[in-house]
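Notes follow the structure.
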Amino acid sequence: MPEVDQFKQEKNYHTDIPVDTHGFYLKGASALDWGMKNRLSRIFRPDTGKTVMFAIDHGYFQGPTTGLERVDLDIVPLMQYSDAIMLTRGMLRTTVPPTLTKAVVMRSSGGPSILKELSDEQIAVDIEDAIRMNVACITLQVFIGGEFETRSIHNMTKLVDWGYRYGIPVMAVTAVGKDMVRDAKYFRLACRMCAELGAQVVKTYYVPEDFDTVVASCPVPIVMAGGKKIPEFDALTMSWKAIQEGASGVDMGRNIFQSQAPVAMMKAVNRIVHEGATPEEAYDYFNSIKVEG
Ligand code: 5RP
């Protein structure tokens, strides 16, 4: 084990120099096999290198969250406006029509409900079932600093090993427990650990200070997590900042399906992620097409 380097102060993130992708458009993916690259290309649009992912996996630990009471009626119609959907196998099999050709990012961990210690998760899907459902990616939460940190890391490395066996990438989600500090220092640690231990994609939260260093020091694509519902303009601004600072996309749930106009919000987020719109342009667009529902 190397000695802890307490005295070295230089910060060499070189946030202005993009990483060489060596022939494949996604960071850190050049050495992956064809199947993995193909699946990643279903998530991250090859023409922009980015993704608009739609997270609706909340029910696996907190039941029918506001907006997700009737996924068949209120959520399935929104999926066509995303590049990828993030959800559990139960919701996929029961409720999503198999004619949907969007990339599926399958929540593969579970265990405790919101009434218990959330970091006490285990793998909750067999890789064969993920293959059977033709998923593009498997995903789980990683609780760096949580009570069951080591277990959640081992859950992730198990999924990574399965994923390499069958060509399915893993997206690690850096969890934010109630006692965890949300700053760039923490997310640099969490994202880097997930990537070093094998995740091909990392989903993490935006922080107003030094988010670019979180992206720069993580050798795989970062997808920005949405979080609690905030006003539409603020969510668009946060998305824009994350993309400007190097994120390869966004994965939003509540800021889409709890919006006063979810279709308009999804389309406005697409404008930012794939078309380079500013928050003001995207918000004007949102207002021009919104139909409150
Ligand atoms: C945390 C997640 C979930 O997908 C999350 O709940 C995403 O949704 P929201 O944008 O509403 O926070 O990644 O495990």
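Residues are named by chain letter and number: chains run A, B, ... in the order of the structure tokens, numbers start at 1 in each chain, and ligands are numbered from 1 in the order shown.
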
Give me, as CSV, each residue of chain A that comes within 8 Å of ligand 1, together with its shortest interatomic pair and the distance in Å at one decimal, counting only C-alpha atoms and all ligand atoms, with rows ordered by chain and rising residue number.
residue,atom,partner,partner_atom_place_in_ligand_line,distance
A:Phe54,CA,ligand 1,10 (O),8.0
A:Ala55,CA,ligand 1,4 (O),4.8
A:Ile56,CA,ligand 1,4 (O),6.3
A:Asp57,CA,ligand 1,4 (O),5.3
A:His58,CA,ligand 1,6 (O),5.0
A:Met86,CA,ligand 1,4 (O),6.7
A:Leu87,CA,ligand 1,4 (O),7.6
A:Leu140,CA,ligand 1,14 (O),7.2
A:Gln141,CA,ligand 1,14 (O),5.5
A:Val173,CA,ligand 1,13 (O),5.7
A:Thr174,CA,ligand 1,14 (O),7.7
A:Ala175,CA,ligand 1,14 (O),6.2
A:Lys203,CA,ligand 1,13 (O),7.2
A:Ala225,CA,ligand 1,10 (O),5.7
A:Gly226,CA,ligand 1,10 (O),3.6
A:Gly227,CA,ligand 1,12 (O),3.2
A:Lys228,CA,ligand 1,12 (O),5.5
A:Lys229,CA,ligand 1,11 (O),7.1
A:Asp251,CA,ligand 1,10 (O),6.3
A:Met252,CA,ligand 1,10 (O),3.8
A:Gly253,CA,ligand 1,10 (O),3.6
A:Arg254,CA,ligand 1,11 (O),3.7
A:Asn255,CA,ligand 1,10 (O),6.2
A:Ile256,CA,ligand 1,10 (O),7.9

Closest pair table for region 36-140 of chain A residues within 10 Å of region 191-200 of chain A, only C-alpha atoms, as a Markdown table:
| residue | atom | partner | partner_atom | distance |
| --- | --- | --- | --- | --- |
| A:Met36 | CA | A:Gln200 | CA | 9.3 |
| A:Leu40 | CA | A:Gln200 | CA | 9.0 |
| A:Cys137 | CA | A:Gln200 | CA | 9.5 |
| A:Ile138 | CA | A:Ala199 | CA | 10.0 |
| A:Thr139 | CA | A:Ala199 | CA | 9.2 |

I'd like the contact shell of Val263 (chain A) - 12 Å cut-off, only C-alpha atoms, skipping same-chain residues fewer than 3 positions apart - returned as a VMD selection string. chain A and resid 54 74 to 82 255 to 260 266 to 270 285 to 287 289 to 293

Tell me, as a short mmCIF file (atom, residue, chain, number, x, y, z; two decimals) with all heavy atoms, in the first residue's frame, which residues lie within 10 Å of region 23-30 of chain A, counting only C-alpha atoms; anything in the same chain fewer than 2 positions away does not count.
data_model
loop_
_atom_site.label_atom_id
_atom_site.label_comp_id
_atom_site.auth_asym_id
_atom_site.auth_seq_id
_atom_site.Cartn_x
_atom_site.Cartn_y
_atom_site.Cartn_z
N PRO A 18 -8.90 17.84 -23.28
CA PRO A 18 -9.72 16.62 -23.32
C PRO A 18 -8.85 15.37 -23.40
O PRO A 18 -7.76 15.40 -23.95
CB PRO A 18 -10.56 16.78 -24.58
CG PRO A 18 -10.13 18.01 -25.25
CD PRO A 18 -9.04 18.66 -24.47
N VAL A 19 -9.38 14.27 -22.85
CA VAL A 19 -8.64 13.01 -22.90
C VAL A 19 -8.70 12.43 -24.31
O VAL A 19 -9.73 12.50 -24.97
CB VAL A 19 -9.28 12.01 -21.89
CG1 VAL A 19 -8.75 10.61 -22.10
CG2 VAL A 19 -9.05 12.48 -20.47
N ASP A 20 -7.58 11.88 -24.78
CA ASP A 20 -7.54 11.22 -26.09
C ASP A 20 -8.37 9.93 -26.02
O ASP A 20 -8.14 9.09 -25.14
CB ASP A 20 -6.09 10.89 -26.44
CG ASP A 20 -5.95 10.39 -27.86
OD1 ASP A 20 -6.96 9.97 -28.45
OD2 ASP A 20 -4.81 10.41 -28.37
N THR A 21 -9.36 9.80 -26.89
CA THR A 21 -10.24 8.62 -26.82
C THR A 21 -9.75 7.47 -27.71
O THR A 21 -10.41 6.45 -27.82
CB THR A 21 -11.69 8.99 -27.20
OG1 THR A 21 -11.68 9.59 -28.49
CG2 THR A 21 -12.30 9.95 -26.20
N LEU A 32 -12.45 -1.53 -25.01
CA LEU A 32 -13.59 -2.43 -24.76
C LEU A 32 -13.91 -3.26 -26.00
O LEU A 32 -13.57 -2.88 -27.12
CB LEU A 32 -14.83 -1.62 -24.36
CG LEU A 32 -14.69 -0.80 -23.07
CD1 LEU A 32 -15.97 0.00 -22.82
CD2 LEU A 32 -14.37 -1.69 -21.88
N ASP A 33 -14.61 -4.35 -25.78
CA ASP A 33 -14.97 -5.25 -26.87
C ASP A 33 -16.13 -4.66 -27.69
O ASP A 33 -16.81 -3.73 -27.25
CB ASP A 33 -15.37 -6.60 -26.26
CG ASP A 33 -15.37 -7.69 -27.31
OD1 ASP A 33 -14.85 -7.45 -28.43
OD2 ASP A 33 -15.87 -8.78 -27.03
N TRP A 34 -16.36 -5.25 -28.85
CA TRP A 34 -17.35 -4.74 -29.79
C TRP A 34 -18.75 -4.65 -29.15
O TRP A 34 -19.46 -3.65 -29.28
CB TRP A 34 -17.42 -5.65 -31.04
CG TRP A 34 -18.18 -5.02 -32.16
CD1 TRP A 34 -17.67 -4.28 -33.19
CD2 TRP A 34 -19.60 -5.05 -32.36
NE1 TRP A 34 -18.68 -3.87 -34.02
CE2 TRP A 34 -19.88 -4.32 -33.54
CE3 TRP A 34 -20.67 -5.62 -31.66
CZ2 TRP A 34 -21.17 -4.16 -34.02
CZ3 TRP A 34 -21.96 -5.45 -32.15
CH2 TRP A 34 -22.20 -4.72 -33.33
N MET A 36 -19.65 -4.35 -26.06
CA MET A 36 -19.78 -3.26 -25.09
C MET A 36 -19.85 -1.92 -25.78
O MET A 36 -20.64 -1.05 -25.42
CB MET A 36 -18.61 -3.30 -24.12
CG MET A 36 -19.04 -3.76 -22.77
SD MET A 36 -17.89 -3.34 -21.53
CE MET A 36 -18.12 -4.78 -20.52
N LYS A 37 -19.00 -1.75 -26.80
CA LYS A 37 -19.03 -0.47 -27.53
C LYS A 37 -20.39 -0.29 -28.22
O LYS A 37 -20.94 0.81 -28.26
CB LYS A 37 -17.92 -0.44 -28.58
CG LYS A 37 -16.55 -0.18 -27.99
CD LYS A 37 -15.52 -0.18 -29.09
CE LYS A 37 -14.16 0.18 -28.53
NZ LYS A 37 -13.07 -0.26 -29.39
N LEU A 40 -22.85 0.72 -25.55
CA LEU A 40 -22.62 2.11 -25.14
C LEU A 40 -23.11 3.08 -26.23
O LEU A 40 -23.62 4.16 -25.93
CB LEU A 40 -21.13 2.34 -24.84
CG LEU A 40 -20.63 1.70 -23.55
CD1 LEU A 40 -19.10 1.70 -23.50
CD2 LEU A 40 -21.19 2.42 -22.31
N SER A 41 -22.99 2.65 -27.48
CA SER A 41 -23.45 3.51 -28.59
C SER A 41 -24.96 3.61 -28.64
O SER A 41 -25.51 4.54 -29.24
CB SER A 41 -22.95 2.96 -29.93
OG SER A 41 -21.56 2.83 -29.92
N PHE A 44 -25.19 6.42 -25.55
CA PHE A 44 -24.59 7.73 -25.87
C PHE A 44 -24.64 7.90 -27.38
O PHE A 44 -24.01 7.13 -28.11
CB PHE A 44 -23.13 7.77 -25.40
CG PHE A 44 -22.98 7.66 -23.90
CD1 PHE A 44 -22.77 6.42 -23.30
CD2 PHE A 44 -23.04 8.78 -23.09
CE1 PHE A 44 -22.64 6.30 -21.92
CE2 PHE A 44 -22.90 8.67 -21.71
CZ PHE A 44 -22.70 7.42 -21.13
N ARG A 45 -25.42 8.87 -27.85
CA ARG A 45 -25.60 9.04 -29.29
C ARG A 45 -24.25 9.23 -29.98
O ARG A 45 -23.48 10.13 -29.61
CB ARG A 45 -26.48 10.27 -29.56
CG ARG A 45 -27.95 9.90 -29.62
CD ARG A 45 -28.85 11.09 -29.77
NE ARG A 45 -28.41 12.11 -30.72
CZ ARG A 45 -29.12 13.21 -31.00
NH1 ARG A 45 -30.29 13.42 -30.42
NH2 ARG A 45 -28.67 14.10 -31.86
N PRO A 46 -23.95 8.43 -30.98
CA PRO A 46 -22.64 8.56 -31.64
C PRO A 46 -22.42 9.94 -32.29
O PRO A 46 -21.29 10.38 -32.40
CB PRO A 46 -22.66 7.45 -32.71
CG PRO A 46 -23.60 6.43 -32.16
CD PRO A 46 -24.66 7.22 -31.43
N ASP A 47 -23.51 10.61 -32.69
CA ASP A 47 -23.31 11.91 -33.35
C ASP A 47 -22.98 13.02 -32.36
O ASP A 47 -22.36 14.02 -32.74
CB ASP A 47 -24.55 12.29 -34.20
CG ASP A 47 -25.82 12.39 -33.36
OD1 ASP A 47 -25.91 11.74 -32.30
OD2 ASP A 47 -26.73 13.14 -33.77
N THR A 48 -23.36 12.86 -31.09
CA THR A 48 -23.06 13.92 -30.11
C THR A 48 -22.16 13.40 -28.97
O THR A 48 -21.59 14.20 -28.24
CB THR A 48 -24.35 14.46 -29.46
OG1 THR A 48 -24.97 13.40 -28.72
CG2 THR A 48 -25.31 15.01 -30.51
N GLY A 49 -22.11 12.09 -28.81
CA GLY A 49 -21.34 11.50 -27.71
C GLY A 49 -22.04 11.64 -26.36
O GLY A 49 -21.43 11.40 -25.32
N LYS A 50 -23.33 12.00 -26.40
CA LYS A 50 -24.01 12.30 -25.13
C LYS A 50 -25.33 11.54 -25.02
O LYS A 50 -25.83 10.99 -25.98
CB LYS A 50 -24.23 13.80 -25.02
CG LYS A 50 -22.91 14.57 -25.00
CD LYS A 50 -23.07 15.99 -24.60
CE LYS A 50 -21.71 16.66 -24.44
NZ LYS A 50 -20.91 16.64 -25.68
N ALA A 195 -14.65 4.04 -11.22
CA ALA A 195 -14.01 3.79 -12.51
C ALA A 195 -12.80 2.87 -12.35
O ALA A 195 -12.60 1.94 -13.13
CB ALA A 195 -13.60 5.11 -13.15
N GLN A 200 -17.83 1.21 -16.35
CA GLN A 200 -17.55 1.85 -17.65
C GLN A 200 -18.23 3.20 -17.77
O GLN A 200 -17.91 3.99 -18.68
CB GLN A 200 -18.02 0.94 -18.80
CG GLN A 200 -17.18 -0.31 -18.98
CD GLN A 200 -17.60 -1.46 -18.08
OE1 GLN A 200 -18.64 -1.41 -17.44
NE2 GLN A 200 -16.78 -2.49 -18.03
N VAL A 201 -19.19 3.50 -16.89
CA VAL A 201 -19.89 4.79 -16.85
C VAL A 201 -20.13 5.10 -15.38
O VAL A 201 -20.40 4.19 -14.60
CB VAL A 201 -21.25 4.72 -17.57
CG1 VAL A 201 -21.98 6.06 -17.53
CG2 VAL A 201 -21.10 4.25 -19.03
N CYS A 218 -11.95 11.48 -13.64
CA CYS A 218 -12.64 10.19 -13.80
C CYS A 218 -12.39 9.71 -15.24
O CYS A 218 -12.75 10.41 -16.18
CB CYS A 218 -14.14 10.36 -13.54
SG CYS A 218 -15.05 8.81 -13.75
N PRO A 219 -11.78 8.55 -15.42
CA PRO A 219 -11.38 8.13 -16.77
C PRO A 219 -12.50 7.56 -17.64
O PRO A 219 -12.22 7.07 -18.73
CB PRO A 219 -10.30 7.08 -16.49
CG PRO A 219 -10.64 6.52 -15.16
CD PRO A 219 -11.28 7.63 -14.38
N VAL A 220 -13.74 7.59 -17.16
CA VAL A 220 -14.87 7.11 -17.97
C VAL A 220 -15.94 8.20 -18.02
O VAL A 220 -15.90 9.14 -17.22
CB VAL A 220 -15.46 5.79 -17.38
CG1 VAL A 220 -14.40 4.70 -17.33
CG2 VAL A 220 -16.08 6.02 -16.01
N PRO A 221 -16.90 8.09 -18.94
CA PRO A 221 -17.92 9.16 -19.05
C PRO A 221 -18.72 9.33 -17.75
O PRO A 221 -19.08 8.37 -17.08
CB PRO A 221 -18.85 8.66 -20.16
CG PRO A 221 -18.05 7.67 -20.94
CD PRO A 221 -17.10 7.04 -19.96
N ILE A 222 -19.00 10.60 -17.46
CA ILE A 222 -19.82 10.96 -16.30
C ILE A 222 -21.19 11.39 -16.80
O ILE A 222 -21.31 12.21 -17.71
CB ILE A 222 -19.20 12.16 -15.54
CG1 ILE A 222 -17.85 11.77 -14.90
CG2 ILE A 222 -20.17 12.74 -14.53
CD1 ILE A 222 -17.88 11.39 -13.46
N SER A 248 -21.07 13.75 -19.93
CA SER A 248 -21.46 13.11 -21.20
C SER A 248 -22.96 12.90 -21.27
O SER A 248 -23.44 12.10 -22.09
CB SER A 248 -20.74 11.77 -21.34
OG SER A 248 -19.35 11.98 -21.35
#

Using DSSP on the backbone, list every residue of region 13-195 of chain A that comes out as strand (DSSP E), and give them as a VMD selection string. chain A and resid 51 to 55 84 to 88 103 to 107 109 to 110 122 to 123 137 to 142 170 to 174

I'd like to know which of A:Ala235, A:Val273, A:Ala242, A:Met106 is closest to Asp210 (chain A), using only C-alpha atoms.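 With only C-alpha atoms as the atom set, the closest residue is A:Ala242.
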
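One finds CA of Val125 (chain A) at 13.0 Å from CA of Val170 (chain A).
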
Which is closer to Tyr13 (chain A) than all the others in A:Val214, A:Ile43, A:Met180, A:Ala124, using only C-alpha atoms?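 Checking each of A:Val214, A:Ile43, A:Met180, A:Ala124 against Tyr13 (chain A), counting only C-alpha atoms, the winner is A:Val214.
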
At a cut-off of 12 Å, using only C-alpha atoms, what residues contact Glu149 (chain A)? Leave out same-chain residues fewer than 2 positions from it and give the result as an mmCIF file with N, CA and C atoms, in the first residue's frame.
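Below you can see selection29.cif, which holds the result:
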data_model
loop_
_atom_site.group_PDB
_atom_site.id
_atom_site.type_symbol
_atom_site.label_atom_id
_atom_site.label_comp_id
_atom_site.auth_asym_id
_atom_site.auth_seq_id
_atom_site.Cartn_x
_atom_site.Cartn_y
_atom_site.Cartn_z
ATOM 1 N N GLU A 117 -31.475 1.034 6.401
ATOM 2 C CA GLU A 117 -30.179 1.567 5.978
ATOM 3 C C GLU A 117 -29.981 1.267 4.483
ATOM 4 N N LEU A 118 -30.001 2.327 3.661
ATOM 5 C CA LEU A 118 -30.034 2.125 2.208
ATOM 6 C C LEU A 118 -28.759 1.504 1.641
ATOM 7 N N SER A 119 -27.647 1.692 2.342
ATOM 8 C CA SER A 119 -26.399 1.151 1.777
ATOM 9 C C SER A 119 -26.308 -0.364 1.912
ATOM 10 N N ASP A 120 -27.278 -0.959 2.574
ATOM 11 C CA ASP A 120 -27.264 -2.412 2.797
ATOM 12 C C ASP A 120 -27.835 -3.162 1.587
ATOM 13 N N GLU A 121 -27.390 -2.783 0.389
ATOM 14 C CA GLU A 121 -27.939 -3.384 -0.831
ATOM 15 C C GLU A 121 -27.156 -4.619 -1.257
ATOM 16 N N GLN A 122 -27.824 -5.439 -2.064
ATOM 17 C CA GLN A 122 -27.148 -6.570 -2.688
ATOM 18 C C GLN A 122 -27.516 -6.588 -4.168
ATOM 19 N N GLN A 141 -26.227 1.342 -7.169
ATOM 20 C CA GLN A 141 -25.696 2.439 -6.361
ATOM 21 C C GLN A 141 -24.429 1.969 -5.657
ATOM 22 N N VAL A 142 -23.460 2.875 -5.529
ATOM 23 C CA VAL A 142 -22.239 2.567 -4.790
ATOM 24 C C VAL A 142 -22.143 3.585 -3.654
ATOM 25 N N PHE A 143 -22.100 3.060 -2.448
ATOM 26 C CA PHE A 143 -22.202 3.910 -1.251
ATOM 27 C C PHE A 143 -20.815 4.168 -0.661
ATOM 28 N N ILE A 144 -20.038 5.006 -1.334
ATOM 29 C CA ILE A 144 -18.717 5.344 -0.803
ATOM 30 C C ILE A 144 -18.926 6.149 0.484
ATOM 31 N N GLY A 145 -18.338 5.689 1.557
ATOM 32 C CA GLY A 145 -18.523 6.358 2.848
ATOM 33 C C GLY A 145 -19.739 5.857 3.594
ATOM 34 N N GLY A 146 -20.510 4.989 2.980
ATOM 35 C CA GLY A 146 -21.710 4.461 3.644
ATOM 36 C C GLY A 146 -21.363 3.311 4.578
ATOM 37 N N GLU A 147 -22.343 2.929 5.361
ATOM 38 C CA GLU A 147 -22.099 1.870 6.340
ATOM 39 C C GLU A 147 -21.665 0.564 5.665
ATOM 40 N N ARG A 151 -19.412 -3.744 0.843
ATOM 41 C CA ARG A 151 -20.372 -4.605 0.155
ATOM 42 C C ARG A 151 -20.821 -3.986 -1.160
ATOM 43 N N SER A 152 -21.106 -2.688 -1.141
ATOM 44 C CA SER A 152 -21.604 -2.101 -2.388
ATOM 45 C C SER A 152 -20.507 -2.075 -3.451
ATOM 46 N N ILE A 153 -19.260 -1.910 -3.049
ATOM 47 C CA ILE A 153 -18.151 -2.009 -4.013
ATOM 48 C C ILE A 153 -18.075 -3.435 -4.569
ATOM 49 N N HIS A 154 -18.206 -4.418 -3.697
ATOM 50 C CA HIS A 154 -18.150 -5.804 -4.180
ATOM 51 C C HIS A 154 -19.350 -6.135 -5.066
ATOM 52 N N ASN A 155 -20.509 -5.561 -4.760
ATOM 53 C CA ASN A 155 -21.647 -5.735 -5.676
ATOM 54 C C ASN A 155 -21.269 -5.216 -7.063
ATOM 55 N N MET A 156 -20.626 -4.047 -7.066
ATOM 56 C CA MET A 156 -20.274 -3.443 -8.346
ATOM 57 C C MET A 156 -19.241 -4.289 -9.088
ATOM 58 N N THR A 174 -23.058 7.080 -7.873
ATOM 59 C CA THR A 174 -22.493 7.455 -6.574
ATOM 60 C C THR A 174 -23.629 7.926 -5.670
ATOM 61 N N ALA A 175 -23.923 7.109 -4.680
ATOM 62 C CA ALA A 175 -25.054 7.398 -3.792
ATOM 63 C C ALA A 175 -24.700 8.553 -2.861
ATOM 64 N N VAL A 176 -25.707 9.266 -2.446
ATOM 65 C CA VAL A 176 -25.463 10.318 -1.451
ATOM 66 C C VAL A 176 -26.345 10.022 -0.234
ATOM 67 N N GLY A 177 -25.738 9.406 0.755
ATOM 68 C CA GLY A 177 -26.459 9.116 1.996
ATOM 69 C C GLY A 177 -26.708 10.403 2.765
ATOM 70 N N ALA A 190 -15.408 9.308 -5.022
ATOM 71 C CA ALA A 190 -16.400 8.282 -5.335
ATOM 72 C C ALA A 190 -16.341 7.884 -6.812
ATOM 73 N N MET A 193 -13.075 5.987 -7.678
ATOM 74 C CA MET A 193 -13.100 4.611 -7.161
ATOM 75 C C MET A 193 -13.947 3.714 -8.054
ATOM 76 N N CYS A 194 -15.108 4.210 -8.449
ATOM 77 C CA CYS A 194 -15.998 3.390 -9.293
ATOM 78 C C CYS A 194 -15.323 3.046 -10.616
#

DSSP says helix (DSSP H, G or I) for which residues of region 36-257 of chain A? Put them as a PyMOL selection string? chain A and resi 36-43+59-62+71-81+89-95+127-132+149-166+184-196+211-216+232-244+254-257

Compile the contact shell of Arg93 (chain A) as a ChimeraX atom specification: residues with an atom at most 12 Å away, counting only C-alpha atoms, same-chain residues fewer than 2 positions apart removed. /A:72,87-91,95-100,104,106,129-130,132-135

Expressed in Å, the length from CA of Gly167 (chain A) to CA of Asn38 (chain A) is 9.0 Å
